[in-house]
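**Q** Take a look at the following structure, please.
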Amino acid sequence: MTHPRRILLAVTGLSPQILTETLYALGVAPGVGQGAFVPTEIHLITTAQGADIARTSLLHPDGGAFNALLADYPQLGRPTFDARHIHVIEGTDKQPLADIRTPEENAHAADSITALVSELTRDDAAALHVSIAGGRKTMGFYLGYAFSLFARPQDELSHVLVSSPFEGHPEFFYPPAQPRRLTTRDGQHIDTADARITLARIPVVRLRHGQPQALLQGQASYGDTVAAIQDSLAP
(Lines give C-alpha, C1' and ligand atoms only; values in the text may rest on other atoms or scores of the structure.)
Protein backbone atom coordinates (compact mmCIF):
# COMPACT_ATOMS: atom_id res chain seq x y z
CA MET A 1 0.00 0.00 0.00
CA THR A 2 1.74 3.14 -1.25
CA HIS A 3 -0.58 5.85 0.03
CA PRO A 4 0.93 7.69 3.02
CA ARG A 5 -2.48 8.25 4.61
CA ARG A 6 -4.46 5.04 5.12
CA ILE A 7 -7.87 5.39 6.77
CA LEU A 8 -10.02 2.68 8.34
CA LEU A 9 -13.67 3.75 8.58
CA ALA A 10 -16.35 1.66 10.28
CA VAL A 11 -19.89 1.96 11.59
CA THR A 12 -20.53 0.53 15.04
CA GLY A 13 -23.49 0.15 17.34
CA LEU A 14 -23.32 -1.71 20.62
CA SER A 15 -20.47 -3.98 19.47
CA PRO A 16 -17.25 -1.96 19.14
CA GLN A 17 -15.38 -5.26 18.69
CA ILE A 18 -15.90 -4.71 14.97
CA LEU A 19 -13.05 -2.21 14.97
CA THR A 20 -10.42 -4.38 16.65
CA GLU A 21 -11.50 -7.46 14.72
CA THR A 22 -11.21 -5.61 11.41
CA LEU A 23 -7.87 -4.09 12.33
CA TYR A 24 -6.58 -7.54 13.32
CA ALA A 25 -7.85 -9.01 10.05
CA LEU A 26 -6.19 -6.27 8.00
CA GLY A 27 -2.74 -6.44 9.53
CA VAL A 28 -2.29 -9.57 11.65
CA ALA A 29 -4.55 -12.47 10.62
CA PRO A 30 -2.85 -15.55 9.15
CA GLY A 31 -2.22 -15.04 5.47
CA VAL A 32 -1.78 -11.27 5.73
CA GLY A 33 1.51 -10.34 4.06
CA GLN A 34 2.97 -7.84 1.65
CA GLY A 35 0.47 -5.20 0.59
CA ALA A 36 -1.58 -5.50 3.76
CA PHE A 37 -3.68 -2.43 4.55
CA VAL A 38 -2.30 -1.15 7.86
CA PRO A 39 -4.18 2.07 8.74
CA THR A 40 -2.50 5.28 9.84
CA GLU A 41 -5.79 6.59 11.26
CA ILE A 42 -9.18 5.21 12.25
CA HIS A 43 -12.68 6.73 12.27
CA LEU A 44 -15.94 5.40 13.70
CA ILE A 45 -19.50 6.47 12.93
CA THR A 46 -22.00 5.63 15.64
CA THR A 47 -24.81 6.83 17.91
CA ALA A 48 -24.43 8.52 21.30
CA GLN A 49 -24.86 5.20 23.07
CA GLY A 50 -22.42 3.49 20.73
CA ALA A 51 -19.87 6.26 21.27
CA ASP A 52 -20.01 5.82 25.05
CA ILE A 53 -19.44 2.07 24.69
CA ALA A 54 -16.60 2.57 22.20
CA ARG A 55 -14.81 5.09 24.41
CA THR A 56 -15.07 2.80 27.41
CA SER A 57 -14.22 -0.55 25.82
CA LEU A 58 -11.71 0.58 23.20
CA LEU A 59 -10.02 3.72 24.53
CA HIS A 60 -10.15 3.44 28.30
CA PRO A 61 -6.60 4.09 29.59
CA ASP A 62 -6.86 1.06 31.87
CA GLY A 63 -7.82 -1.98 29.83
CA GLY A 64 -8.99 -0.49 26.53
CA ALA A 65 -8.99 -3.16 23.80
CA PHE A 66 -7.56 -0.86 21.11
CA ASN A 67 -4.32 -0.14 22.96
CA ALA A 68 -4.11 -3.78 24.05
CA LEU A 69 -4.29 -4.86 20.40
CA LEU A 70 -1.49 -2.49 19.40
CA ALA A 71 0.66 -3.70 22.31
CA ASP A 72 0.11 -7.34 21.32
CA TYR A 73 0.87 -6.78 17.63
CA PRO A 74 3.54 -4.11 16.96
CA GLN A 75 3.21 -4.62 13.20
CA LEU A 76 0.03 -2.54 13.38
CA GLY A 77 2.05 0.55 14.28
CA ARG A 78 0.30 3.39 16.09
CA PRO A 79 -2.72 4.47 14.02
CA THR A 80 -4.29 7.70 15.19
CA PHE A 81 -7.55 6.99 17.00
CA ASP A 82 -9.01 8.86 19.93
CA ALA A 83 -12.34 10.35 21.03
CA ARG A 84 -12.13 12.97 18.27
CA HIS A 85 -12.28 10.21 15.68
CA ILE A 86 -15.62 8.90 16.97
CA HIS A 87 -18.27 10.66 14.88
CA VAL A 88 -21.70 10.74 16.54
CA ILE A 89 -24.75 11.06 14.30
CA GLU A 90 -26.80 14.15 15.15
CA GLY A 91 -30.47 14.98 14.71
CA THR A 92 -32.17 18.10 13.38
CA ASP A 93 -31.47 19.90 16.66
CA LYS A 94 -27.74 19.02 16.38
CA GLN A 95 -28.06 16.80 19.44
CA PRO A 96 -26.45 13.33 19.34
CA LEU A 97 -28.89 10.56 18.45
CA ALA A 98 -29.18 7.86 21.10
CA ASP A 99 -30.34 5.32 18.52
CA ILE A 100 -31.55 5.08 14.91
CA ARG A 101 -35.14 3.87 14.71
CA THR A 102 -37.40 6.41 12.99
CA PRO A 103 -37.37 7.40 9.28
CA GLU A 104 -36.08 10.84 10.30
CA GLU A 105 -33.24 9.35 12.33
CA ASN A 106 -32.32 7.08 9.41
CA ALA A 107 -32.20 10.11 7.12
CA HIS A 108 -29.81 11.88 9.51
CA ALA A 109 -27.64 8.77 9.65
CA ALA A 110 -27.51 8.60 5.85
CA ASP A 111 -26.55 12.28 5.57
CA SER A 112 -23.85 12.00 8.25
CA ILE A 113 -22.32 8.92 6.66
CA THR A 114 -22.42 10.42 3.16
CA ALA A 115 -20.77 13.64 4.32
CA LEU A 116 -17.93 11.83 6.10
CA VAL A 117 -17.21 9.46 3.21
CA SER A 118 -17.21 12.43 0.84
CA GLU A 119 -14.76 14.27 3.09
CA LEU A 120 -12.37 11.34 3.53
CA THR A 121 -12.22 10.61 -0.21
CA ARG A 122 -11.17 14.15 -1.19
CA ASP A 123 -7.53 13.58 -0.23
CA ASP A 124 -5.69 12.05 -3.19
CA ALA A 125 -2.85 10.98 -0.87
CA ALA A 126 -5.26 8.86 1.17
CA ALA A 127 -6.62 5.35 0.71
CA LEU A 128 -9.84 4.43 2.49
CA HIS A 129 -10.81 1.00 3.83
CA VAL A 130 -14.47 0.83 4.84
CA SER A 131 -15.99 -1.87 7.05
CA ILE A 132 -19.77 -2.35 6.99
CA ALA A 133 -19.79 -5.10 9.62
CA GLY A 134 -21.15 -3.09 12.57
CA GLY A 135 -24.10 -0.94 13.56
CA ARG A 136 -27.70 -1.30 12.49
CA LYS A 137 -28.28 -2.84 9.08
CA THR A 138 -29.38 0.49 7.64
CA MET A 139 -26.11 2.08 8.78
CA GLY A 140 -24.11 -0.63 7.04
CA PHE A 141 -26.18 -0.20 3.88
CA TYR A 142 -25.76 3.57 3.86
CA LEU A 143 -22.01 3.26 4.37
CA GLY A 144 -21.69 0.70 1.59
CA TYR A 145 -23.78 2.82 -0.75
CA ALA A 146 -21.83 5.97 0.08
CA PHE A 147 -18.67 4.00 -0.68
CA SER A 148 -20.09 3.09 -4.09
CA LEU A 149 -20.84 6.76 -4.77
CA PHE A 150 -17.47 8.20 -3.73
CA ALA A 151 -14.85 5.41 -3.82
CA ARG A 152 -11.70 5.76 -5.90
CA PRO A 153 -9.54 2.92 -7.30
CA GLN A 154 -7.40 2.76 -4.12
CA ASP A 155 -10.37 2.40 -1.75
CA GLU A 156 -11.70 -0.91 -0.38
CA LEU A 157 -14.94 -2.20 1.17
CA SER A 158 -15.11 -5.20 3.49
CA HIS A 159 -17.02 -7.21 6.07
CA VAL A 160 -15.25 -9.03 8.89
CA LEU A 161 -16.27 -12.60 9.76
CA VAL A 162 -15.64 -14.08 13.21
CA SER A 163 -15.95 -17.79 13.92
CA SER A 164 -18.50 -19.16 16.39
CA PRO A 165 -18.75 -19.00 19.40
CA PHE A 166 -16.53 -15.91 19.49
CA GLU A 167 -18.75 -13.76 17.29
CA GLY A 168 -20.70 -11.42 19.54
CA HIS A 169 -19.00 -12.58 22.74
CA PRO A 170 -18.81 -9.43 24.92
CA GLU A 171 -15.24 -10.19 26.07
CA PHE A 172 -13.80 -11.10 22.67
CA PHE A 173 -12.21 -8.25 20.71
CA TYR A 174 -9.44 -10.11 18.83
CA PRO A 175 -7.23 -13.18 19.38
CA PRO A 176 -4.68 -11.91 21.92
CA ALA A 177 -1.03 -12.85 21.57
CA GLN A 178 -1.33 -14.71 24.86
CA PRO A 179 -4.48 -16.88 24.49
CA ARG A 180 -7.23 -16.52 27.09
CA ARG A 181 -10.09 -18.68 28.24
CA LEU A 182 -13.56 -17.17 28.00
CA THR A 183 -16.90 -18.43 29.25
CA THR A 184 -19.98 -18.49 27.05
CA ARG A 185 -23.49 -17.69 28.24
CA ASP A 186 -24.26 -21.38 28.62
CA GLY A 187 -21.19 -21.93 30.80
CA GLN A 188 -18.90 -23.46 28.16
CA HIS A 189 -15.19 -22.60 28.25
CA ILE A 190 -13.60 -21.48 24.99
CA ASP A 191 -9.98 -20.66 24.14
CA THR A 192 -9.19 -17.55 22.07
CA ALA A 193 -6.46 -19.54 20.29
CA ASP A 194 -9.30 -21.27 18.42
CA ALA A 195 -10.83 -18.03 17.11
CA ARG A 196 -10.69 -17.38 13.38
CA ILE A 197 -11.14 -13.93 11.88
CA THR A 198 -11.58 -13.53 8.13
CA LEU A 199 -11.88 -10.37 6.06
CA ALA A 200 -14.27 -10.56 3.11
CA ARG A 201 -13.50 -7.81 0.60
CA ILE A 202 -16.62 -6.71 -1.29
CA PRO A 203 -16.48 -5.60 -4.95
CA VAL A 204 -18.78 -2.69 -5.80
CA VAL A 205 -19.72 -0.56 -8.79
CA ARG A 206 -17.92 2.80 -8.44
CA LEU A 207 -20.04 5.76 -9.46
CA ARG A 208 -17.71 8.64 -8.58
CA HIS A 209 -16.80 9.46 -12.16
CA GLY A 210 -19.08 12.11 -13.62
CA GLN A 211 -20.69 13.19 -10.36
CA PRO A 212 -21.52 16.91 -10.03
CA GLN A 213 -18.83 18.81 -8.10
CA ALA A 214 -21.34 19.83 -5.42
CA LEU A 215 -21.80 16.17 -4.54
CA LEU A 216 -18.08 15.42 -4.50
CA GLN A 217 -17.53 18.37 -2.16
CA GLY A 218 -20.11 17.09 0.31
CA GLN A 219 -22.63 19.87 -0.27
CA ALA A 220 -25.65 17.64 -0.78
CA SER A 221 -27.64 15.22 1.36
CA TYR A 222 -27.75 11.48 0.83
CA GLY A 223 -31.16 11.77 -0.84
CA ASP A 224 -29.98 14.55 -3.16
CA THR A 225 -26.88 12.56 -4.04
CA VAL A 226 -28.87 9.45 -4.95
CA ALA A 227 -31.37 11.53 -6.96
CA ALA A 228 -28.59 13.23 -8.92
CA ILE A 229 -26.92 9.92 -9.78
CA GLN A 230 -30.27 8.44 -10.76
CA ASP A 231 -30.88 11.38 -13.12
CA SER A 232 -27.47 10.90 -14.70
CA LEU A 233 -28.31 7.25 -15.42
CA ALA A 234 -31.73 7.96 -16.92
CA PRO A 235 -32.30 7.18 -20.64
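Letters A, B, ... mark the chains of the C-alpha coordinates in the order given; residue numbers begin at 1 per chain; ligand numbers begin at 1, in order shown.
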Show me, as a list in words, the residues that have an atom within 12 Å of Ala29 of chain A when counting only C-alpha atoms, minus same-chain residues fewer than 6 positions from it.

**A**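 Near Ala29 of chain A, the qualifying residues are Thr20, Glu21, Thr22, Leu23, Ala36, Phe37, Val38, Tyr73, Gln75, Leu76, Val160, Leu161, Val162, Tyr174, Pro175, Pro176, Ala177, Ala195, Arg196, Ile197, Thr198 and Leu199 of chain A.
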
**Q** Among segment 11-198 of chain A, which ones does DSSP place in alpha helix (DSSP H), written as a ChimeraX atom specification?

**A** /A:17-27,48-59,65-72,103-120,137-150

**Q** Give me the residues within 12 Å of Arg185 of chain A as a count of residues only, counting only C-alpha atoms and dropping any in the same chain fewer than 3 places off.

**A** 10

**Q** Got a sec: who's within 10 Å of Asn106 of chain A, counting only C-alpha atoms, leaving out chain neighbours fewer than 3 positions off, as a PyMOL selection string?

**A** chain A and resi 89+91+99-103+109-112+138-139+142

**Q** Please, what distance in Å, to one decimal, runs between atom CA of Ser118 of chain A and atom CA of Pro235 of chain A?

**A**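 Answer for the atom CA of Ser118 of chain A to atom CA of Pro235 of chain A separation: 26.8 Å.
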
**Q** Would you please give, as a list of chain:residue names, all residues of segment 109-192 of chain A that DSSP assigns to strand (DSSP E or B) based on the backbone?

**A** A:Ala126, A:Ala127, A:Leu128, A:His129, A:Val130, A:Ser131, A:Glu156, A:Leu157, A:Ser158, A:His159, A:Val160, A:Leu161, A:Val162, A:Arg181, A:Leu182, A:Thr183, A:His189, A:Ile190, A:Asp191

**Q** Write out, as a short mmCIF file (atom, residue, chain, number, x, y, z; two decimals), in the first residue's frame, the residues just selected, with N, CA, C and O atoms.

**A**
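Output file out-v7.cif follows:
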```
data_model
loop_
_atom_site.label_atom_id
_atom_site.label_comp_id
_atom_site.auth_asym_id
_atom_site.auth_seq_id
_atom_site.Cartn_x
_atom_site.Cartn_y
_atom_site.Cartn_z
N ALA A 126 -4.66 9.79 0.21
CA ALA A 126 -5.26 8.86 1.17
C ALA A 126 -5.90 7.68 0.46
O ALA A 126 -6.43 7.81 -0.65
N ALA A 127 -5.86 6.53 1.12
CA ALA A 127 -6.62 5.35 0.71
C ALA A 127 -7.58 5.02 1.84
O ALA A 127 -7.21 5.09 3.02
N LEU A 128 -8.80 4.66 1.49
CA LEU A 128 -9.84 4.43 2.49
C LEU A 128 -10.26 2.96 2.48
O LEU A 128 -10.55 2.39 1.43
N HIS A 129 -10.26 2.35 3.67
CA HIS A 129 -10.81 1.00 3.83
C HIS A 129 -12.05 1.12 4.70
O HIS A 129 -11.99 1.58 5.83
N VAL A 130 -13.18 0.68 4.17
CA VAL A 130 -14.47 0.83 4.84
C VAL A 130 -14.99 -0.53 5.26
O VAL A 130 -15.05 -1.46 4.45
N SER A 131 -15.38 -0.65 6.54
CA SER A 131 -15.99 -1.87 7.05
C SER A 131 -17.47 -1.62 7.32
O SER A 131 -17.83 -0.67 8.02
N GLU A 156 -11.22 0.45 -0.54
CA GLU A 156 -11.70 -0.91 -0.38
C GLU A 156 -12.92 -0.96 0.55
O GLU A 156 -13.04 -0.14 1.45
N LEU A 157 -13.76 -1.96 0.32
CA LEU A 157 -14.94 -2.20 1.17
C LEU A 157 -14.87 -3.64 1.67
O LEU A 157 -14.50 -4.55 0.93
N SER A 158 -15.21 -3.85 2.96
CA SER A 158 -15.11 -5.20 3.49
C SER A 158 -16.14 -5.46 4.59
O SER A 158 -16.79 -4.54 5.10
N HIS A 159 -16.23 -6.74 4.93
CA HIS A 159 -17.02 -7.21 6.07
C HIS A 159 -16.14 -8.22 6.80
O HIS A 159 -15.52 -9.08 6.18
N VAL A 160 -16.08 -8.11 8.13
CA VAL A 160 -15.25 -9.03 8.89
C VAL A 160 -16.10 -10.19 9.42
O VAL A 160 -17.24 -9.99 9.84
N LEU A 161 -15.55 -11.40 9.34
CA LEU A 161 -16.27 -12.60 9.76
C LEU A 161 -15.51 -13.23 10.92
O LEU A 161 -14.30 -13.45 10.84
N VAL A 162 -16.23 -13.52 12.00
CA VAL A 162 -15.64 -14.08 13.21
C VAL A 162 -16.27 -15.45 13.46
O VAL A 162 -17.50 -15.60 13.41
N ARG A 181 -8.88 -17.87 28.17
CA ARG A 181 -10.09 -18.68 28.24
C ARG A 181 -11.27 -17.76 28.56
O ARG A 181 -11.21 -16.93 29.46
N LEU A 182 -12.34 -17.93 27.79
CA LEU A 182 -13.56 -17.17 28.00
C LEU A 182 -14.69 -18.14 28.32
O LEU A 182 -14.61 -19.34 28.01
N THR A 183 -15.74 -17.61 28.92
CA THR A 183 -16.90 -18.43 29.25
C THR A 183 -18.11 -17.94 28.47
O THR A 183 -18.40 -16.73 28.46
N HIS A 189 -16.48 -23.29 28.31
CA HIS A 189 -15.19 -22.60 28.25
C HIS A 189 -14.64 -22.68 26.83
O HIS A 189 -14.64 -23.74 26.20
N ILE A 190 -14.17 -21.55 26.33
CA ILE A 190 -13.60 -21.48 24.99
C ILE A 190 -12.24 -20.81 25.06
O ILE A 190 -11.98 -19.97 25.94
N ASP A 191 -11.35 -21.17 24.15
CA ASP A 191 -9.98 -20.66 24.14
C ASP A 191 -9.82 -19.74 22.93
O ASP A 191 -10.13 -20.12 21.79
#
```

**Q** What is the atom CA of Asp82 of chain A-atom CA of Ala193 of chain A distance in Å, reported with one decimal?

**A**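 Calculated distance between atom CA of Asp82 of chain A and atom CA of Ala193 of chain A is 28.5 Å.
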
**Q** Between A:Ile202, A:Leu19, A:Ile7, A:Ile229, which has the minimum distance to Leu69 of chain A (counting only C-alpha atoms)?

**A**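 Under the stated criterion, the closest residue is A:Leu19.
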
**Q** Of the candidates A:Ala115, A:Leu207, A:Ala125, A:Leu216, which one gets nearest to Pro4 of chain A if we count only C-alpha atoms?

**A**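 Of the candidates, the smallest distance to Pro4 of chain A is held by A:Ala125.
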
**Q** Nearest to Gln154 of chain A among A:Arg78, A:Arg55, A:Asp123, A:Asp194, with distances taken over only C-alpha atoms: which residue is it?

**A**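 Smallest separation from Gln154 of chain A among the options: A:Asp123.
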
**Q** Which is closest to Leu120 of chain A among A:Leu9, A:Ala234, A:Ile132, A:Val88, if we use only C-alpha atoms?

**A**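 Going through A:Leu9, A:Ala234, A:Ile132, A:Val88 one by one, the smallest distance to Leu120 of chain A is for A:Leu9.
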